[in-house]
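Undergrad: Take a look at protein-v2.csv, CSV, C-alpha atoms (C1' of nucleotides):
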chain,number,residue,atom,x,y,z
A,1,MET,CA,-68.8,11.2,-129.5
A,2,GLN,CA,-71.7,12.9,-131.2
A,3,TYR,CA,-74.6,14.7,-129.6
A,4,GLU,CA,-77.8,15.6,-131.1
A,5,ASN,CA,-77.7,19.2,-130.2
A,6,ILE,CA,-74.0,19.9,-130.3
A,7,HIS,CA,-74.5,23.1,-132.3
A,8,HIS,CA,-76.8,24.4,-129.8
A,9,LEU,CA,-74.5,23.5,-126.9
A,10,VAL,CA,-71.6,25.3,-128.6
A,11,GLU,CA,-73.8,28.4,-129.1
A,12,ARG,CA,-74.8,28.4,-125.4
A,13,TYR,CA,-71.2,27.9,-124.3
A,14,LEU,CA,-69.9,30.8,-126.5
A,15,SER,CA,-72.6,33.2,-125.3
A,16,VAL,CA,-72.3,32.3,-121.6
A,17,SER,CA,-68.5,32.2,-121.4
A,18,PHE,CA,-68.3,35.6,-123.1
A,19,ILE,CA,-70.9,37.2,-120.7
A,20,VAL,CA,-69.3,35.7,-117.6
A,21,MET,CA,-65.9,36.8,-118.6
A,22,ARG,CA,-66.9,40.4,-119.1
A,23,LYS,CA,-69.2,40.7,-116.1
A,24,ALA,CA,-66.8,39.0,-113.8
A,25,ALA,CA,-64.0,41.3,-115.0
A,26,ALA,CA,-66.2,44.3,-114.4
A,27,LEU,CA,-67.0,43.2,-110.8
A,28,VAL,CA,-63.3,42.5,-110.0
A,29,LYS,CA,-62.3,45.8,-111.5
A,30,TYR,CA,-64.8,47.5,-109.2
A,31,GLU,CA,-63.0,46.1,-106.1
A,32,LEU,CA,-59.6,47.3,-107.1
A,33,ASP,CA,-57.9,50.6,-106.3
A,34,GLU,CA,-58.4,53.2,-109.1
A,35,ASP,CA,-54.9,52.8,-110.5
A,36,MET,CA,-54.8,49.0,-110.6
A,37,THR,CA,-56.0,46.7,-113.4
A,38,ASN,CA,-57.4,43.2,-113.4
A,39,ASP,CA,-54.3,41.9,-115.1
A,40,GLN,CA,-52.0,43.5,-112.5
A,41,TYR,CA,-54.1,41.8,-109.8
A,42,TYR,CA,-53.8,38.4,-111.5
A,43,LEU,CA,-50.1,38.9,-112.0
A,44,LEU,CA,-49.4,39.9,-108.3
A,45,ARG,CA,-51.7,37.1,-107.2
A,46,TYR,CA,-49.6,34.6,-109.0
A,47,ILE,CA,-46.3,35.9,-107.7
A,48,LYS,CA,-47.7,35.8,-104.2
A,49,LYS,CA,-48.7,32.1,-104.7
A,50,LYS,CA,-45.3,31.2,-106.1
A,51,ALA,CA,-43.2,33.5,-103.9
A,52,LYS,CA,-40.9,34.2,-106.9
A,53,CYS,CA,-41.3,33.6,-110.6
A,54,THR,CA,-39.8,34.5,-114.0
A,55,SER,CA,-41.1,36.4,-117.1
A,56,THR,CA,-41.1,33.2,-119.1
A,57,GLU,CA,-43.3,31.5,-116.6
A,58,LEU,CA,-45.7,34.4,-116.6
A,59,ALA,CA,-45.8,34.7,-120.4
A,60,SER,CA,-46.8,31.0,-120.5
A,61,LEU,CA,-49.4,31.4,-117.8
A,62,PHE,CA,-50.9,34.5,-119.5
A,63,GLY,CA,-50.5,33.0,-122.9
A,64,VAL,CA,-48.7,36.1,-124.3
A,65,ASN,CA,-45.2,37.1,-125.5
A,66,LYS,CA,-42.5,37.8,-123.0
A,67,SER,CA,-42.3,41.4,-124.1
A,68,ALA,CA,-45.9,41.9,-122.9
A,69,ILE,CA,-44.8,40.7,-119.4
A,70,THR,CA,-41.8,43.1,-119.5
A,71,ALA,CA,-44.2,46.0,-120.1
A,72,MET,CA,-46.5,44.9,-117.3
A,73,THR,CA,-43.8,44.2,-114.8
A,74,ASN,CA,-42.2,47.6,-115.6
A,75,ARG,CA,-45.3,49.3,-114.5
A,76,LEU,CA,-45.5,47.3,-111.3
A,77,VAL,CA,-41.9,48.0,-110.5
A,78,LYS,CA,-42.5,51.7,-111.0
A,79,LYS,CA,-45.4,51.4,-108.6
A,80,GLY,CA,-43.1,49.8,-106.0
A,81,LEU,CA,-45.2,46.6,-105.8
A,82,ILE,CA,-42.6,44.1,-107.2
A,83,GLN,CA,-38.8,43.9,-107.6
A,84,ARG,CA,-36.4,42.2,-110.0
A,85,THR,CA,-33.4,40.1,-108.8
A,86,ARG,CA,-31.0,38.3,-111.0
A,87,ASP,CA,-30.2,34.6,-110.4
A,88,GLN,CA,-26.6,34.3,-109.4
A,89,ASN,CA,-26.1,30.8,-111.0
A,90,ASP,CA,-27.7,31.7,-114.3
A,91,ARG,CA,-27.4,35.3,-114.9
A,92,ARG,CA,-29.9,35.3,-117.8
A,93,VAL,CA,-32.7,34.7,-115.3
A,94,VAL,CA,-34.5,37.5,-113.5
A,95,TYR,CA,-36.8,36.6,-110.6
A,96,LEU,CA,-39.8,38.7,-109.8
A,97,THR,CA,-40.8,39.0,-106.1
A,98,LEU,CA,-43.3,41.1,-104.2
A,99,THR,CA,-42.0,44.1,-102.3
A,100,GLU,CA,-43.4,44.7,-98.8
A,101,ARG,CA,-46.0,47.1,-100.3
A,102,GLY,CA,-46.8,44.6,-103.0
A,103,ASN,CA,-47.4,42.0,-100.4
A,104,GLU,CA,-49.7,44.3,-98.3
A,105,TRP,CA,-51.6,45.3,-101.4
A,106,ILE,CA,-52.3,41.8,-102.6
A,107,MET,CA,-53.3,40.6,-99.1
A,108,GLU,CA,-55.9,43.4,-98.7
A,109,THR,CA,-57.1,42.9,-102.3
A,110,GLU,CA,-57.4,39.1,-102.0
A,111,GLU,CA,-59.7,39.7,-99.1
A,112,LYS,CA,-62.0,41.9,-101.1
A,113,ILE,CA,-62.0,39.6,-104.1
A,114,HIS,CA,-62.7,36.6,-101.9
A,115,LYS,CA,-65.7,38.3,-100.4
A,116,LEU,CA,-66.9,39.1,-103.9
A,117,VAL,CA,-66.5,35.6,-105.2
A,118,GLU,CA,-68.1,34.2,-102.0
A,119,SER,CA,-71.1,36.4,-102.5
A,120,PHE,CA,-72.0,34.7,-105.7
A,121,ILE,CA,-70.6,31.2,-105.0
A,122,SER,CA,-72.9,31.1,-101.9
A,123,LYS,CA,-75.9,31.2,-104.2
A,124,PHE,CA,-75.2,27.7,-105.3
A,125,SER,CA,-75.5,24.5,-103.3
A,126,GLU,CA,-72.2,23.0,-102.2
A,127,GLU,CA,-72.7,20.0,-104.5
A,128,GLU,CA,-73.5,22.2,-107.5
A,129,ILE,CA,-70.5,24.4,-107.1
A,130,GLU,CA,-68.2,21.5,-106.4
A,131,THR,CA,-69.4,19.7,-109.6
A,132,PHE,CA,-69.1,22.9,-111.6
A,133,ILE,CA,-65.5,23.6,-110.5
A,134,GLN,CA,-64.5,20.0,-111.2
A,135,THR,CA,-65.7,20.2,-114.8
A,136,TYR,CA,-64.2,23.7,-115.1
A,137,GLU,CA,-60.8,22.3,-113.9
A,138,LYS,CA,-61.1,19.4,-116.4
A,139,LEU,CA,-61.8,22.0,-119.1
A,140,ALA,CA,-58.7,23.9,-118.1
A,141,ARG,CA,-56.5,20.8,-118.4
A,142,ILE,CA,-57.9,20.0,-121.8
A,143,LEU,CA,-57.3,23.5,-123.1
A,144,GLN,CA,-53.8,23.5,-121.8
A,145,GLU,CA,-53.1,20.2,-123.6
A,146,MET,CA,-54.7,21.5,-126.8
A,147,GLU,CA,-52.4,24.5,-126.7
A,148,GLY,CA,-49.4,22.3,-126.8
A,149,ALA,CA,-50.8,20.2,-129.7
A,150,SER,CA,-51.9,23.0,-132.0
B,1,MET,CA,-75.1,29.5,-96.5
B,2,GLN,CA,-71.7,28.6,-95.2
B,3,TYR,CA,-69.4,25.9,-96.5
B,4,GLU,CA,-66.5,24.3,-94.6
B,5,ASN,CA,-64.0,24.9,-97.4
B,6,ILE,CA,-65.4,28.1,-98.9
B,7,HIS,CA,-61.9,29.7,-99.0
B,8,HIS,CA,-60.5,26.8,-100.9
B,9,LEU,CA,-63.4,26.8,-103.4
B,10,VAL,CA,-62.9,30.5,-104.1
B,11,GLU,CA,-59.2,29.9,-104.7
B,12,ARG,CA,-59.9,27.1,-107.1
B,13,TYR,CA,-62.5,29.2,-108.9
B,14,LEU,CA,-60.2,32.2,-109.2
B,15,SER,CA,-57.3,30.1,-110.6
B,16,VAL,CA,-59.4,28.0,-113.0
B,17,SER,CA,-61.4,30.9,-114.4
B,18,PHE,CA,-58.3,32.9,-115.1
B,19,ILE,CA,-56.6,30.0,-116.9
B,20,VAL,CA,-59.6,29.1,-119.0
B,21,MET,CA,-60.2,32.7,-119.9
B,22,ARG,CA,-56.6,33.1,-121.2
B,23,LYS,CA,-56.2,29.8,-122.9
B,24,ALA,CA,-59.6,29.9,-124.6
B,25,ALA,CA,-58.8,33.4,-125.8
B,26,ALA,CA,-55.5,32.2,-127.3
B,27,LEU,CA,-57.2,29.3,-129.0
B,28,VAL,CA,-59.9,31.5,-130.5
B,29,LYS,CA,-57.3,34.0,-131.6
B,30,TYR,CA,-55.5,31.3,-133.4
B,31,GLU,CA,-58.6,30.6,-135.6
B,32,LEU,CA,-59.0,34.2,-136.7
B,33,ASP,CA,-57.5,36.0,-139.6
B,34,GLU,CA,-54.3,37.8,-138.8
B,35,ASP,CA,-55.9,41.2,-138.7
B,36,MET,CA,-58.9,40.4,-136.6
B,37,THR,CA,-59.1,40.3,-132.8
B,38,ASN,CA,-61.2,38.3,-130.4
B,39,ASP,CA,-63.3,41.3,-129.3
B,40,GLN,CA,-64.0,42.1,-133.0
B,41,TYR,CA,-65.2,38.5,-133.4
B,42,TYR,CA,-67.5,38.7,-130.4
B,43,LEU,CA,-68.9,42.1,-131.5
B,44,LEU,CA,-69.6,40.9,-135.1
B,45,ARG,CA,-71.1,37.6,-133.6
B,46,TYR,CA,-73.5,39.7,-131.5
B,47,ILE,CA,-74.6,41.9,-134.4
B,48,LYS,CA,-75.1,38.8,-136.5
B,49,LYS,CA,-77.4,37.4,-133.8
B,50,LYS,CA,-79.4,40.5,-133.4
B,51,ALA,CA,-79.3,41.6,-137.0
B,52,LYS,CA,-79.0,45.2,-135.9
B,53,CYS,CA,-78.0,46.9,-132.6
B,54,THR,CA,-76.8,50.1,-131.0
B,55,SER,CA,-73.6,51.3,-129.3
B,56,THR,CA,-75.4,51.5,-126.0
B,57,GLU,CA,-76.5,47.9,-126.2
B,58,LEU,CA,-73.0,46.8,-127.0
B,59,ALA,CA,-71.5,48.9,-124.3
B,60,SER,CA,-73.8,47.2,-121.8
B,61,LEU,CA,-73.0,43.7,-123.2
B,62,PHE,CA,-69.3,44.3,-123.1
B,63,GLY,CA,-69.4,46.1,-119.8
B,64,VAL,CA,-67.5,49.1,-121.1
B,65,ASN,CA,-68.1,52.8,-121.9
B,66,LYS,CA,-69.8,53.8,-125.0
B,67,SER,CA,-66.6,55.5,-126.3
B,68,ALA,CA,-64.9,52.2,-126.3
B,69,ILE,CA,-67.5,50.9,-128.6
B,70,THR,CA,-67.2,53.9,-130.9
B,71,ALA,CA,-63.5,53.1,-131.2
B,72,MET,CA,-64.1,49.5,-132.0
B,73,THR,CA,-66.9,50.1,-134.5
B,74,ASN,CA,-64.8,52.7,-136.2
B,75,ARG,CA,-62.2,50.0,-137.0
B,76,LEU,CA,-64.8,47.6,-138.2
B,77,VAL,CA,-66.4,50.2,-140.4
B,78,LYS,CA,-63.0,51.1,-141.8
B,79,LYS,CA,-62.5,47.4,-142.6
B,80,GLY,CA,-65.8,47.3,-144.4
B,81,LEU,CA,-67.4,44.7,-142.1
B,82,ILE,CA,-70.2,46.8,-140.6
B,83,GLN,CA,-72.1,50.0,-141.4
B,84,ARG,CA,-73.9,52.7,-139.5
B,85,THR,CA,-77.5,53.9,-140.2
B,86,ARG,CA,-79.5,56.5,-138.3
B,87,ASP,CA,-82.9,55.7,-137.0
B,88,GLN,CA,-85.4,57.9,-138.8
B,89,ASN,CA,-87.8,58.1,-135.9
B,90,ASP,CA,-85.2,58.9,-133.2
B,91,ARG,CA,-82.2,60.6,-134.9
B,92,ARG,CA,-80.0,60.2,-131.9
B,93,VAL,CA,-79.9,56.5,-132.4
B,94,VAL,CA,-77.4,54.8,-134.8
B,95,TYR,CA,-77.9,51.2,-135.8
B,96,LEU,CA,-75.0,48.9,-136.6
B,97,THR,CA,-75.5,46.2,-139.2
B,98,LEU,CA,-73.2,43.8,-141.0
B,99,THR,CA,-72.2,44.6,-144.5
B,100,GLU,CA,-72.2,41.7,-147.0
B,101,ARG,CA,-68.5,41.2,-146.4
B,102,GLY,CA,-69.0,41.3,-142.7
B,103,ASN,CA,-71.7,38.7,-143.0
B,104,GLU,CA,-69.5,36.4,-145.0
B,105,TRP,CA,-66.6,36.8,-142.6
B,106,ILE,CA,-68.7,36.0,-139.5
B,107,MET,CA,-70.3,33.0,-141.2
B,108,GLU,CA,-66.9,31.5,-142.1
B,109,THR,CA,-65.4,32.3,-138.8
B,110,GLU,CA,-68.3,30.9,-136.8
B,111,GLU,CA,-67.7,27.6,-138.6
B,112,LYS,CA,-64.1,27.5,-137.5
B,113,ILE,CA,-64.9,28.5,-133.9
B,114,HIS,CA,-67.7,26.0,-133.7
B,115,LYS,CA,-65.3,23.2,-134.7
B,116,LEU,CA,-62.8,24.4,-132.1
B,117,VAL,CA,-65.4,24.4,-129.3
B,118,GLU,CA,-66.8,21.1,-130.4
B,119,SER,CA,-63.3,19.6,-130.3
B,120,PHE,CA,-63.1,20.2,-126.6
B,121,ILE,CA,-66.8,19.9,-125.7
B,122,SER,CA,-66.8,16.4,-127.1
B,123,LYS,CA,-64.3,15.3,-124.4
B,124,PHE,CA,-67.2,15.5,-121.9
B,125,SER,CA,-70.2,13.3,-121.6
B,126,GLU,CA,-73.4,14.9,-122.7
B,127,GLU,CA,-74.7,15.0,-119.2
B,128,GLU,CA,-71.6,16.5,-117.8
B,129,ILE,CA,-71.5,19.3,-120.3
B,130,GLU,CA,-75.2,20.0,-120.0
B,131,THR,CA,-75.0,20.3,-116.2
B,132,PHE,CA,-71.9,22.5,-116.6
B,133,ILE,CA,-73.5,24.9,-119.0
B,134,GLN,CA,-76.6,25.1,-116.9
B,135,THR,CA,-74.6,26.1,-113.8
B,136,TYR,CA,-72.6,28.5,-116.0
B,137,GLU,CA,-75.8,30.1,-117.3
B,138,LYS,CA,-77.1,30.5,-113.7
B,139,LEU,CA,-73.8,32.2,-112.8
B,140,ALA,CA,-74.2,34.6,-115.7
B,141,ARG,CA,-77.6,35.5,-114.5
B,142,ILE,CA,-76.4,36.1,-111.0
B,143,LEU,CA,-73.5,38.3,-112.2
B,144,GLN,CA,-75.8,40.4,-114.3
B,145,GLU,CA,-78.1,40.9,-111.4
B,146,MET,CA,-75.2,41.9,-109.1
B,147,GLU,CA,-74.0,44.4,-111.6
B,148,GLY,CA,-77.2,46.3,-111.3
B,149,ALA,CA,-77.2,46.1,-107.5
B,150,SER,CA,-73.6,47.4,-106.9
C,1,DA,C1',-94.6,76.7,-125.8
C,2,DA,C1',-90.0,77.5,-123.6
C,3,DA,C1',-86.6,76.0,-120.6
C,4,DA,C1',-84.3,72.3,-118.4
C,5,DA,C1',-83.0,67.6,-118.2
C,6,DA,C1',-82.1,63.3,-120.2
C,7,DT,C1',-80.4,60.3,-123.9
C,8,DA,C1',-77.3,58.5,-127.9
C,9,DG,C1',-73.3,58.9,-129.7
C,10,DT,C1',-68.6,61.1,-130.7
C,11,DT,C1',-64.0,63.2,-129.9
C,12,DT,C1',-59.7,63.6,-127.6
C,13,DA,C1',-56.0,62.7,-124.4
C,14,DA,C1',-53.9,59.4,-121.8
C,15,DC,C1',-53.1,55.1,-120.5
C,16,DT,C1',-52.7,49.4,-120.4
C,17,DG,C1',-52.0,45.4,-122.9
C,18,DT,C1',-50.4,43.2,-127.0
C,19,DT,C1',-47.4,41.6,-131.1
C,20,DT,C1',-43.4,41.5,-134.0
C,21,DA,C1',-38.8,42.1,-134.9
C,22,DA,C1',-34.4,43.3,-133.6
C,23,DC,C1',-31.4,43.5,-129.9
C,24,DT,C1',-28.1,42.2,-125.4
C,25,DA,C1',-26.3,39.1,-122.3
C,26,DT,C1',-25.5,34.6,-120.9
C,27,DT,C1',-25.3,29.6,-121.0
C,28,DA,C1',-25.3,25.1,-123.4
C,29,DA,C1',-24.1,22.2,-127.3
C,30,DA,C1',-21.2,21.0,-131.6
D,1,DT,C1',-14.2,27.7,-129.6
D,2,DT,C1',-17.5,28.6,-132.6
D,3,DT,C1',-22.4,28.0,-132.8
D,4,DA,C1',-27.1,27.3,-130.8
D,5,DA,C1',-30.3,28.2,-127.6
D,6,DT,C1',-32.3,30.6,-123.8
D,7,DA,C1',-33.9,34.8,-120.8
D,8,DG,C1',-35.1,39.0,-121.0
D,9,DT,C1',-35.5,43.9,-123.0
D,10,DT,C1',-36.4,47.7,-126.3
D,11,DA,C1',-39.0,50.1,-129.8
D,12,DA,C1',-42.7,50.8,-132.9
D,13,DA,C1',-47.3,50.1,-133.9
D,14,DC,C1',-51.8,49.0,-132.9
D,15,DA,C1',-56.3,47.5,-130.0
D,16,DG,C1',-58.9,48.4,-126.1
D,17,DT,C1',-60.1,51.2,-122.3
D,18,DT,C1',-61.6,55.4,-119.3
D,19,DA,C1',-62.8,60.1,-118.2
D,20,DA,C1',-64.3,64.4,-119.5
D,21,DA,C1',-66.1,67.5,-122.6
D,22,DC,C1',-68.7,67.9,-126.5
D,23,DT,C1',-73.0,67.8,-130.4
D,24,DA,C1',-77.4,66.6,-131.6
D,25,DT,C1',-81.7,65.2,-130.5
D,26,DT,C1',-85.7,63.9,-127.7
D,27,DT,C1',-88.4,64.1,-123.4
D,28,DT,C1',-89.9,66.2,-119.2
D,29,DT,C1',-91.0,70.1,-116.4
D,30,DT,C1',-92.9,74.3,-115.5
Rewrite the structure of this file - the entire thing - as structure tokens.
TA:
Amino acid sequence: MQYENIHHLVERYLSVSFIVMRKAAALVKYELDEDMTNDQYYLLRYIKKKAKCTSTELASLFGVNKSAITAMTNRLVKKGLIQRTRDQNDRRVVYLTLTERGNEWIMETEEKIHKLVESFISKFSEEEIETFIQTYEKLARILQEMEGAS
Amino acid sequence: MQYENIHHLVERYLSVSFIVMRKAAALVKYELDEDMTNDQYYLLRYIKKKAKCTSTELASLFGVNKSAITAMTNRLVKKGLIQRTRDQNDRRVVYLTLTERGNEWIMETEEKIHKLVESFISKFSEEEIETFIQTYEKLARILQEMEGAS
DNA sequence: AAAAAATAGTTTAACTGTTTAACTATTAAA
DNA sequence: TTTAATAGTTAAACAGTTAAACTATTTTTT
């Protein structure tokens, strides 16, 4: 498939995705407690959704080495927001779960972040945002497939 | 404006934007030389586009403190990819420009990154991608306005 | 014109996130 | 029962970030 202005489309995509990434990150950061980072928020958010998960799973989700996850989880354990428990059937595996404090923190924070996202999503028509998210989700699937292929 | 499933839309947006951000970053990184980072690519890309720019401008673009830009530009100067020159009219101002090597590097790299982005953009119909980018650009404008307001 | 305030950029210390390589412990496969 | 593979950690080195204090210069106020 070949478009006339493919070069221009790519330029627009690169510029806009960079800007949205940085500005959205800044707005999310603004909602968090002083001592918490965006990555820590996304990590806790994921554990909350899955109830429990492993380092390997997080490394794949974040697209980083497992040792990066070890470092991040160490900080969250130190803060008392998550805990490690070994699988009794396969003692290589370590499950990460939220502590009570971790659960409270992510609940409160999710509320703030939801309000933030609502505040800009509500500036689009329902049809526009639905179409946008559908294409975005298709893009996510394509990127995940490409990762495996390359 | 109130949607029925606003909560669900926000959840989808948060999940998909996180995944696309991380996976796209991994794919871009894969195209770069070993010793170059994504942020360095985006910084050089911006200087190329503007021909010359200042720390303050980059700090605003990246949404970070000026000292973060100083650190980044120091590394790029050390690598011989950019250079600093003082404005003769206002000697507080330092302009950043590409060196010849910096220009060559960004030209080669832009070609690789364009091919990468084309490879997934071409999986959408022209109408779908045009609509998507338009909404994405509208989102970028909204986020930039919000930043000023908050 | 002199003093005060604002602007552009740098330095430093401390921290988060990241990779690579070497490592431990455990389980699965030959 | 060796050998492989898997799950996770450690340590060193670096990129990116913030906050606060700083230098140098220009603009505004009085």
Undergrad: So how many Å separate atom C1' of D:DT30 and atom C1' of C:DA1, to one decimal?
TA: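 Distance between the two atoms: 10.7 Å.
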Undergrad: Determine, for each residue of chain C having at least one atom at most 10 Å from an atom of chain B, the closest pair of atoms and their separation in Å to one decimal, counting all atoms listed in the file; order by chain and ascending number, as CSV.
TA:
residue,atom,partner,partner_atom,distance
C:DT7,C1',B:Arg92,CA,8.0
C:DA8,C1',B:Arg92,CA,5.1
C:DG9,C1',B:Arg92,CA,7.2
C:DT10,C1',B:Thr70,CA,7.3
C:DT11,C1',B:Ser67,CA,8.9
Undergrad: Which residue, B:Leu143, B:Leu61, B:Ile133, B:Ile47, has the smallest gap to B:Ile82 when you use all atoms listed in the file?
TA: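 Using all atoms listed in the file, the shortest distance to B:Ile82 belongs to B:Ile47.
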Undergrad: For atom C1' of C:DA21 and atom C1' of D:DT2, quote the distance in Å rounded to one decimal.
TA: 25.3 Å
Undergrad: If we count only C-alpha atoms (C1' of nucleotides), which residues of chain D reach to within 10 Å of chain B? Please list them as number ranges by chain.
TA: D: 15-19, 24-26
Undergrad: Need the neighbours of (-28.5, 43.7, -124.5): which residues are at most 10 Å away, counting all atoms listed in the file, as number ranges by chain?
TA: C: 23-25; D: 8-10
Undergrad: Can you tell me, as a PDB file with C-alpha atoms, keeping the file's coordinate frame, what residues are no more than 12 Å from A:Lys138 when counting only C-alpha atoms (C1' of nucleotides), ignoring any on the same chain fewer than 3 positions away?
TA:
ATOM      1  CA  THR A 131     -69.400  19.700-109.600  1.00  0.00           C
ATOM      2  CA  PHE A 132     -69.100  22.900-111.600  1.00  0.00           C
ATOM      3  CA  ILE A 133     -65.500  23.600-110.500  1.00  0.00           C
ATOM      4  CA  GLN A 134     -64.500  20.000-111.200  1.00  0.00           C
ATOM      5  CA  THR A 135     -65.700  20.200-114.800  1.00  0.00           C
ATOM      6  CA  ARG A 141     -56.500  20.800-118.400  1.00  0.00           C
ATOM      7  CA  ILE A 142     -57.900  20.000-121.800  1.00  0.00           C
ATOM      8  CA  LEU A 143     -57.300  23.500-123.100  1.00  0.00           C
ATOM      9  CA  GLN A 144     -53.800  23.500-121.800  1.00  0.00           C
ATOM     10  CA  GLU A 145     -53.100  20.200-123.600  1.00  0.00           C
TER      11      GLU A 145
ATOM     12  CA  VAL B  16     -59.400  28.000-113.000  1.00  0.00           C
ATOM     13  CA  SER B  17     -61.400  30.900-114.400  1.00  0.00           C
ATOM     14  CA  ILE B  19     -56.600  30.000-116.900  1.00  0.00           C
ATOM     15  CA  VAL B  20     -59.600  29.100-119.000  1.00  0.00           C
ATOM     16  CA  PHE B 120     -63.100  20.200-126.600  1.00  0.00           C
ATOM     17  CA  ILE B 121     -66.800  19.900-125.700  1.00  0.00           C
ATOM     18  CA  LYS B 123     -64.300  15.300-124.400  1.00  0.00           C
ATOM     19  CA  PHE B 124     -67.200  15.500-121.900  1.00  0.00           C
ATOM     20  CA  GLU B 128     -71.600  16.500-117.800  1.00  0.00           C
ATOM     21  CA  ILE B 129     -71.500  19.300-120.300  1.00  0.00           C
ATOM     22  CA  PHE B 132     -71.900  22.500-116.600  1.00  0.00           C
TER      23      PHE B 132
END
Undergrad: Between atom C1' of C:DT26 and atom CA of A:Tyr95, what is the distance in Å, rounded to a tenth?
TA: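 Separating atom C1' of C:DT26 from atom CA of A:Tyr95 is a distance of 15.4 Å.
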Undergrad: Counting all atoms listed in the file, which residue out of A:Glu118, A:Asp87, A:Glu34, A:Glu110 sits closest to chain B?
TA: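 Checking each of A:Glu118, A:Asp87, A:Glu34, A:Glu110 against chain B, counting all atoms listed in the file, the winner is A:Glu118.
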Undergrad: Given the point (-84.7, 71.2, -117.9) in the coordinates of this file, which residues lie within 8 Å, counting only C-alpha atoms (C1' of nucleotides), and how would they look as a CSV table (one decimal) with C-alpha atoms (C1' of nucleotides), keeping the file's coordinate frame?
TA:
chain,number,residue,atom,x,y,z
C,3,DA,C1',-86.6,76.0,-120.6
C,4,DA,C1',-84.3,72.3,-118.4
C,5,DA,C1',-83.0,67.6,-118.2
D,28,DT,C1',-89.9,66.2,-119.2
D,29,DT,C1',-91.0,70.1,-116.4
Undergrad: Hey, which of B:Arg45, B:Lys29, B:His114, B:His8 ends up closest to chain A? Count only C-alpha atoms.
TA: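 The closest residue to chain A is B:His114.
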Undergrad: Provide stretch 55-59 of chain B rebuilt to all heavy atoms, formatted as a CSV table (one decimal), keeping the file's coordinate frame.
TA:
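Wrote out12.csv, looks like this:
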chain,number,residue,atom,x,y,z
B,55,SER,N,-74.8,51.2,-130.1
B,55,SER,CA,-73.6,51.3,-129.3
B,55,SER,C,-73.9,51.1,-127.8
B,55,SER,O,-73.2,50.4,-127.1
B,55,SER,CB,-73.1,52.7,-129.4
B,55,SER,OG,-72.4,52.9,-130.6
B,56,THR,N,-75.0,51.7,-127.4
B,56,THR,CA,-75.4,51.5,-126.0
B,56,THR,C,-75.6,50.1,-125.6
B,56,THR,O,-75.2,49.6,-124.5
B,56,THR,CB,-76.7,52.3,-125.7
B,56,THR,OG1,-76.5,53.7,-126.2
B,56,THR,CG2,-77.1,52.3,-124.3
B,57,GLU,N,-76.3,49.3,-126.5
B,57,GLU,CA,-76.5,47.9,-126.2
B,57,GLU,C,-75.2,47.2,-126.1
B,57,GLU,O,-75.0,46.4,-125.2
B,57,GLU,CB,-77.3,47.4,-127.4
B,57,GLU,CG,-78.0,46.1,-127.2
B,57,GLU,CD,-78.8,45.7,-128.5
B,57,GLU,OE1,-79.1,46.6,-129.3
B,57,GLU,OE2,-79.1,44.5,-128.6
B,58,LEU,N,-74.3,47.5,-127.0
B,58,LEU,CA,-73.0,46.8,-127.0
B,58,LEU,C,-72.1,47.2,-125.8
B,58,LEU,O,-71.5,46.3,-125.2
B,58,LEU,CB,-72.2,47.1,-128.3
B,58,LEU,CG,-72.7,46.5,-129.6
B,58,LEU,CD1,-72.1,47.1,-130.8
B,58,LEU,CD2,-72.4,45.0,-129.6
B,59,ALA,N,-72.2,48.5,-125.4
B,59,ALA,CA,-71.5,48.9,-124.3
B,59,ALA,C,-72.0,48.2,-123.0
B,59,ALA,O,-71.2,47.7,-122.2
B,59,ALA,CB,-71.7,50.4,-124.1
